[in-house]
Amino acid sequence: MKVKTEMQDDVAVVHVSGKLMGGPESENLRNEIKGLIDEGTKRFVINLHGVPWINSTGLGALMSVYTSVQRSEGSLKLCNVSDRIQSLFMITKLLTIFDTYPTEKEAVEAFK
Amino acid sequence: MPESCRSNGKLVLPSVLTELEKVDGLTLECAKDAGLGEDDSMMVAIAVVEAVTNAIVHGNRFADDKFVTVQFDCEPGKVRVIVHDDGDGFDMSCIWDPTSPDKQMECSGRGIYIMREVMDTVEFDMSDGTTVTMTKAI
């Protein structure tokens with residue numbers, strides 16, 4: 001799994017690609033978000049364009065970063081969520097937790 | 001609907017999460033071969049990936065000397081998948097509802113809930129390791 005961040009004004013857009021299925025690789029995402037929080041970033045968009053599917057362990061990794069951002073009084077949005085991941089959000093009722101947008105542009109603009 | 005299914009068979013996997021991609025692909029193939037639609041096939045794949053994740057992480061605890069077996073028994077209109085690990089089993093009374101307000105923010109504990117939500121039947125046998133038998137029909 002690869003994680004790459006670009007700043008768009010004060011919004012950190014975190015591009016994730018590969019399989020988000022737990023294990024040591026999920027630590028990449030957690031560490032990236034933790035580092036950005038430590039630097040003072042408050043606004044996050046996680047772009048899941050490169051993630052075709054995840055399992056419940058990957059869901060746990062997303063919950064973990066969501067909680068970290070909330071605790072730092074920041075805000076997190078998701079974009080480009082695949083149909084399969086969206087189904088998983090629906091099954092687990094996490095659609096009420098995660099703020100999701102069809103595109104990166106819409107997610108970033110939602111902060112303005 | 002096909003008269004017979006070509007993708008029946010058994011898969012023996014090491015206890016590493018990178019095997020999940022292979023499991024996902026074969027499950028989709030099996031479900032489609034049995035005549036399930038795209039959405040139902042995706043649901044079966046979601047459930048089997050969860051069962052194998054549990055087997056690797058919680059059952060075999062990533063042990064090099066323990067394996068996960070996935071058996072596909074498909075017939076026209078119905079899929080049955082059996083996932084077995086060599087672990088010590090688990091206490092079913094410790095399974096919670098991850099959608100309840102006090103558990104919704106937890107980072108784990110959703111796997112079995114997902115399997116039960118998307119499959120028609122999910123049964124556990126912990127007499128020798130853990131064996132999960134799941135079925136879904138059209």
# chains A, B, ... in the order shown; residues from 1 in each chain; ligands from 1
>>> select_by_dssp(residues="region 4-103 of chain A", states="strand (DSSP E)", output="ChimeraX atom specification")
/A:4-8,11-17,43-50,75-79,99-101
>>> residues_around(residues="Ser127 (chain B)", least_positions_apart="5", cutoff="12 Å", atoms="only C-alpha atoms", output="PyMOL selection string")
chain B and resi 84-90+132
>>> interface_residues(of="chain B", to="chain A", cutoff="7 Å", atoms="only C-alpha atoms", output="ChimeraX atom specification")
/B:49-50,99,105,107-108,110-111,114
>>> write_last_selection(atoms="C-alpha atoms", output="PDB file, in the first residue's frame")
ATOM      1  CA  VAL B  49     -12.273 -12.225   2.730  1.00  0.00           C
ATOM      2  CA  GLU B  50     -13.517 -11.503   6.282  1.00  0.00           C
ATOM      3  CA  THR B  99     -23.264  -0.925  14.891  1.00  0.00           C
ATOM      4  CA  MET B 105     -16.178   3.861  16.934  1.00  0.00           C
ATOM      5  CA  CYS B 107     -11.350  -0.151  15.367  1.00  0.00           C
ATOM      6  CA  SER B 108     -12.066  -3.908  15.347  1.00  0.00           C
ATOM      7  CA  ARG B 110     -16.738  -6.070  12.516  1.00  0.00           C
ATOM      8  CA  GLY B 111     -15.695  -9.239  10.638  1.00  0.00           C
ATOM      9  CA  ILE B 114     -20.253  -8.435   8.112  1.00  0.00           C
TER      10      ILE B 114
END
>>> select_by_dssp(residues="region 28-110 of chain A", states="alpha helix (DSSP H)", output="number ranges by chain")
A: 28-38, 56-71, 83-91, 104-109
>>> write_last_selection(atoms="C-alpha atoms", output="compact mmCIF listing (two decimals), in the first residue's frame")
# COMPACT_ATOMS: atom_id res chain seq x y z
CA ASN A 28 1.80 3.67 6.70
CA LEU A 29 -1.55 5.45 6.68
CA ARG A 30 -1.70 5.83 10.47
CA ASN A 31 1.87 7.20 10.60
CA GLU A 32 1.25 9.62 7.73
CA ILE A 33 -1.85 11.08 9.40
CA LYS A 34 -0.15 11.18 12.82
CA GLY A 35 2.81 13.08 11.33
CA LEU A 36 0.50 15.62 9.69
CA ILE A 37 -1.45 16.09 12.94
CA ASP A 38 1.84 16.66 14.78
CA SER A 56 -12.78 -5.02 8.21
CA THR A 57 -9.16 -4.63 9.36
CA GLY A 58 -8.74 -1.88 6.77
CA LEU A 59 -11.99 -0.35 8.03
CA GLY A 60 -10.39 -0.40 11.48
CA ALA A 61 -7.40 1.52 10.12
CA LEU A 62 -9.75 4.17 8.70
CA MET A 63 -11.60 4.35 12.02
CA SER A 64 -8.27 4.74 13.79
CA VAL A 65 -7.18 7.72 11.67
CA TYR A 66 -10.68 9.22 11.88
CA THR A 67 -10.50 9.05 15.69
CA SER A 68 -6.98 10.57 15.72
CA VAL A 69 -8.14 13.49 13.58
CA GLN A 70 -11.25 14.01 15.74
CA ARG A 71 -9.14 14.01 18.91
CA ASP A 83 -18.74 0.71 -4.79
CA ARG A 84 -17.37 -2.20 -2.80
CA ILE A 85 -16.01 0.01 0.00
CA GLN A 86 -19.25 2.01 -0.03
CA SER A 87 -21.16 -1.27 0.43
CA LEU A 88 -18.96 -2.11 3.39
CA PHE A 89 -19.68 1.32 4.93
CA MET A 90 -23.38 0.68 4.43
CA ILE A 91 -23.30 -2.82 5.95
CA GLU A 104 -11.32 15.03 -4.58
CA LYS A 105 -12.33 18.50 -5.76
CA GLU A 106 -15.72 18.26 -4.05
CA ALA A 107 -14.14 16.98 -0.82
CA VAL A 108 -11.57 19.81 -0.73
CA GLU A 109 -14.18 22.45 -1.59
>>> atom_distance(atom1="CA of Ser41 (chain B)", atom2="CA of Glu75 (chain B)")
13.7 Å
>>> closest_residue(among="B:Val83, B:Ile56, B:Ile95, B:Leu28", to="Val44 (chain B)", atoms="only C-alpha atoms")
B:Leu28
>>> closest_residue(among="B:Val48, B:Thr18, B:Leu13, B:Val70", to="Gly18 (chain A)", atoms="only C-alpha atoms")
B:Thr18
>>> residues_around(residues="Thr41 (chain A)", least_positions_apart="2", cutoff="8 Å", atoms="only C-alpha atoms", output="list in words")
Asp10, Val11, Ala12, Leu36, Ile37, Asp38, Glu39, Arg43, Phe44 and Gly74 of chain A
>>> write_last_selection(atoms="N, CA and C atoms", output="tab-separated table (two decimals), in the first residue's frame")
chain	number	residue	atom	x	y	z
A	10	ASP	N	-4.70	24.69	3.07
A	10	ASP	CA	-4.51	24.07	4.40
A	10	ASP	C	-5.12	22.67	4.49
A	11	VAL	N	-5.48	22.10	3.33
A	11	VAL	CA	-6.06	20.76	3.33
A	11	VAL	C	-5.01	19.73	2.89
A	12	ALA	N	-4.79	18.74	3.73
A	12	ALA	CA	-3.87	17.66	3.36
A	12	ALA	C	-4.66	16.59	2.60
A	36	LEU	N	1.16	14.38	10.13
A	36	LEU	CA	0.50	15.62	9.69
A	36	LEU	C	-0.19	16.31	10.87
A	37	ILE	N	-0.81	15.51	11.74
A	37	ILE	CA	-1.45	16.09	12.94
A	37	ILE	C	-0.39	16.77	13.80
A	38	ASP	N	0.74	16.10	13.97
A	38	ASP	CA	1.84	16.66	14.78
A	38	ASP	C	2.36	17.98	14.20
A	39	GLU	N	2.26	18.10	12.87
A	39	GLU	CA	2.70	19.34	12.22
A	39	GLU	C	1.63	20.43	12.29
A	43	ARG	N	-7.18	19.77	8.57
A	43	ARG	CA	-8.15	19.37	7.54
A	43	ARG	C	-7.54	18.29	6.64
A	44	PHE	N	-8.27	17.18	6.53
A	44	PHE	CA	-7.76	16.02	5.79
A	44	PHE	C	-8.79	15.52	4.77
A	74	GLY	N	-9.63	18.12	14.48
A	74	GLY	CA	-9.59	18.31	13.04
A	74	GLY	C	-10.79	17.67	12.37
